[in-house]
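Visitor: Here it is, the structure, as structure tokens.
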Amino acid sequence: MYEDVKMPEGMNPEVLEHLMAPKNYGKIEDPSGVGVAMDEQTGEYVIFYIQTDGEIIEDLKFATNGCQDTVVVGSMFSAMVKGDNIQNGKKALAKMELKLGGLTPKQRVCTDMVLEAFVASLINREHLLNGENEEMHIIKMKESCEVEENE
Amino acid sequence: MNKLYQAKHELWLDILFASFAINDKQIKRDLYNFSTIEFRHMKWFGDKVLKDGDDYNYDRTKMLHKRESVFDILRYLIVELKKISALYGEDILNARMITDEDYMIHHIAALLDNRANDAQITAFNMARKYADKNLPQEQIDALTVFLFEESYKEYELILVYAYMQARTTNLTHFNVFQDLIDESHFHLQSFGEMMAKMGILALPRELHSMTYIVKDIEKFVIDGIAEEEGAKEMCKTLSDAIHDDELKRFFDFVNYQESYHIELMKKLL
């Protein structure tokens with residue numbers, strides 16, 4: 001499962017497609033969970049909406065004011081886990097995290113922000129299922145995407 | 001939220017991006033001018049919505065239609081211009097919008113009468129060649145990323161500043177927002193034209209309300225200045241990386257404009 005998880009390496013036709021028309025971009029009305037990953041230093045954020053039916057991720061959408069790396073990763077990741085179950089979504093997330101080392105520091109932070117927003121949406125879903133009143137779950141990023149490229 | 005406002009927003013983008021996609025200079029100029037009229041309609045209508053105690057947002061549902069010929073684009077615009085008229089009411093602003101769009105429909109229809117105006121559209125062919133310039137692949141890649149990054153940012157800035165301008169009672173702020181909106185229109189036009197030349201024309205992605213509903217103007221300005229610094233850096237990096245005098249000069253020119261944006265933004269503090 002997700003052995004061949006893809007990352008935005010270079011400017012290939014697939015990356016270009018994600019840039020020109022990001023997949024699953026936007027929002028969902030009455031979602032099962034909403035999560036935000038926020039870089040307080042720059043004001044950049046990623047917001048994820050998930051709609052589940054039992055353990056199946058029926059739909060998910062994301063939005064961001066971040067850079068194109070963030071958009072491409074969000075587009076690739078959301079396309080990968082849409083229609084799958086939450087457990088496999090978490091596996092995909094772990095596989096992507098393993099690949100972070102191969103990215104530039106800035107890409108690493110952007111990718112992390114996408115993945116954290118997805119995690120936040122799952123946490124929000126759990127909270128809502130447990131009867132808590134939480135509009136959205138927010139995770140504040142430890143690293144900023146203003147990270148130096150030569151780090 | 002207001003349906004007509006969303007339709008105006010989408011129509012502005014339809015006409016603006018049609019102007020980028022079409023190569024004929026006269027048709028391009030006419031459509032660009034029409035798009036600026038649509039943007040003003042959007043602004044005036046937004047003011048009216050707020051005055052009436054209602055609100056609007058920047059939600060969009062329409063995608064960019066990748067048409068293959070100039071006539072396909074022009075026919076599409078006529079359909080969209082006719083479609084919006086069903087949403088109009090009966091006041092003086094609505095009357096103005098109707099007469100403007102009647103003229104646009106008439107003008108575009110006249111273009112369709114002349115077969116010589118038709119041509120193939122190359123703005124979406126993903127060729128990633130910059131006109132007659134023979135740029136190496138790494139420079140094309142750098143330019144591609146820059147154009148996607150900055151075309152979104154300029155669109156975002158136009159809408160965020162317009163949102164704040166509509167809600168300020170401070171005249172200095174109002175004027176600064178107007179200057180910044182005008183500057184961003186010029187940048188969006190420049191970058192959109194370049195994307196079309198390279199065959200990678202794409203609509204900037206939709207703005208989420210977290211982006212344009214600003215609760216802390218001071219933080220917004222400080223973050224905005226940091227973003228302008230980032231944009232300046234990107235222009236400089238690109239100018240250094242691209243070995244073409246014309247493009248170099250253009251990116252240096254944009255870089256200096258960003259410097260003055262920072263001065264304008266400081267007036268908001």
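All residue names refer to the structure tokens as shown: chains lettered A, B, ... in order, residues numbered from 1 in each chain, ligands numbered from 1 in order.
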Would you return as an MDAnalysis selection string the members of region 138-211 of chain B that DSSP assigns to alpha helix (DSSP H) on this structure's backbone?
Guide: chainID B and resid 138:165 171:198 209:211
Visitor: Within 7 Å of Phe124 (chain B), counting only C-alpha atoms, which residues qualify if same-chain residues fewer than 2 places away don't, as a list in words?
Guide: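 Once the nearby chain positions are removed, what remains is Lys66, Thr122, Met126, Ala196, Gly199, Ile200 and Leu201 of chain B.
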Visitor: Would you save the residues from that selection as a PDB file, in the first residue's frame, using N, CA and C atoms?
Guide:
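File produced: part.pdb:
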ATOM      1  N   LYS B  66     -10.610  25.614 -21.251  1.00  0.00           N
ATOM      2  CA  LYS B  66      -9.491  25.587 -22.206  1.00  0.00           C
ATOM      3  C   LYS B  66     -10.061  25.435 -23.610  1.00  0.00           C
ATOM      4  N   THR B 122      -3.002  28.913 -28.281  1.00  0.00           N
ATOM      5  CA  THR B 122      -1.803  28.159 -27.862  1.00  0.00           C
ATOM      6  C   THR B 122      -1.527  28.323 -26.362  1.00  0.00           C
ATOM      7  N   MET B 126       0.814  23.714 -23.047  1.00  0.00           N
ATOM      8  CA  MET B 126       1.859  23.244 -22.139  1.00  0.00           C
ATOM      9  C   MET B 126       3.230  23.080 -22.835  1.00  0.00           C
ATOM     10  N   ALA B 196       0.514  32.642 -20.785  1.00  0.00           N
ATOM     11  CA  ALA B 196      -0.134  32.288 -22.048  1.00  0.00           C
ATOM     12  C   ALA B 196       0.909  32.053 -23.137  1.00  0.00           C
ATOM     13  N   GLY B 199       2.254  28.698 -22.835  1.00  0.00           N
ATOM     14  CA  GLY B 199       1.292  27.587 -22.955  1.00  0.00           C
ATOM     15  C   GLY B 199       0.861  27.013 -21.626  1.00  0.00           C
ATOM     16  N   ILE B 200       1.013  27.784 -20.535  1.00  0.00           N
ATOM     17  CA  ILE B 200       0.660  27.262 -19.204  1.00  0.00           C
ATOM     18  C   ILE B 200      -0.343  28.181 -18.491  1.00  0.00           C
ATOM     19  N   LEU B 201      -1.207  28.795 -19.287  1.00  0.00           N
ATOM     20  CA  LEU B 201      -2.183  29.703 -18.668  1.00  0.00           C
ATOM     21  C   LEU B 201      -3.135  28.917 -17.762  1.00  0.00           C
TER      22      LEU B 201
END
Visitor: Would you please work out which residue, of A:Asp53, A:Glu126, A:Asp39, A:Asp84, is nearest to Lys140 (chain A) when using only C-alpha atoms?
Guide: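 The closest residue to Lys140 (chain A) is A:Asp39.
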Visitor: Using only C-alpha atoms for the distances, tell me which of B:Glu156, B:Glu263, B:Glu233, B:Glu228 is nearest to chain A.
Guide: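 Of B:Glu156, B:Glu263, B:Glu233, B:Glu228, the one nearest chain A is B:Glu156, counting only C-alpha atoms.
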Visitor: Hey, which of A:Asn24, A:Thr52, A:Thr104, A:Ser144 ends up closest to Ser75 (chain A)? Count only C-alpha atoms.
Guide: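 Selected residue with least distance to Ser75 (chain A): A:Asn24.
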Visitor: What's around Thr42 (chain A) at 10 Å? Count only C-alpha atoms, leave out sequence neighbours fewer than 5 positions away in its own chain, and write the answer as a ChimeraX atom specification.
Guide: /A:66,144-146 /B:219-220,222-224,226-227
Visitor: What are the closest atom pairs, with distances in Å to one decimal, for each residue of chain B lying within 10 Å of chain A, using only C-alpha atoms, rows by chain and rising residue number, as CSV?
Guide:
residue,atom,partner,partner_atom,distance
B:Asp59,CA,A:Gly26,CA,8.9
B:Arg60,CA,A:Gly26,CA,9.1
B:Thr61,CA,A:Gly26,CA,9.2
B:Met63,CA,A:Ala21,CA,8.8
B:Leu64,CA,A:Ala21,CA,9.1
B:Phe124,CA,A:Met20,CA,9.6
B:Met126,CA,A:Leu16,CA,8.6
B:Gln137,CA,A:Met11,CA,9.8
B:Glu138,CA,A:Met11,CA,9.3
B:Ile140,CA,A:Met11,CA,9.6
B:Asp141,CA,A:Met11,CA,6.3
B:Ala142,CA,A:Met11,CA,9.1
B:Thr144,CA,A:Met11,CA,8.6
B:Val145,CA,A:Gln68,CA,7.4
B:Phe146,CA,A:Gln68,CA,9.2
B:Phe148,CA,A:Gln68,CA,7.1
B:Glu149,CA,A:Gln68,CA,5.9
B:Glu150,CA,A:Cys67,CA,9.4
B:Tyr152,CA,A:Asn65,CA,9.0
B:Lys153,CA,A:Asn65,CA,8.6
B:Glu156,CA,A:Asn65,CA,8.5
B:Ile200,CA,A:Met20,CA,7.2
B:Leu201,CA,A:Met20,CA,7.6
B:Ala202,CA,A:Met20,CA,5.3
B:Leu203,CA,A:Met20,CA,7.5
B:Pro204,CA,A:Met20,CA,8.4
B:Arg205,CA,A:Tyr25,CA,7.9
B:Glu206,CA,A:Gly26,CA,7.1
B:Leu207,CA,A:Asn65,CA,7.6
B:His208,CA,A:Ala63,CA,6.5
B:Ser209,CA,A:Ala63,CA,9.9
B:Met210,CA,A:Asn65,CA,8.7
B:Thr211,CA,A:Asn65,CA,6.6
B:Tyr212,CA,A:Asn65,CA,9.9
B:Lys219,CA,A:Gly43,CA,8.7
B:Phe220,CA,A:Gly43,CA,8.2
B:Ile222,CA,A:Thr42,CA,9.2
B:Asp223,CA,A:Thr42,CA,6.0
B:Gly224,CA,A:Thr42,CA,9.0
B:Ala226,CA,A:Thr42,CA,7.9
B:Glu227,CA,A:Thr42,CA,8.3
B:Gly230,CA,A:Glu146,CA,9.3
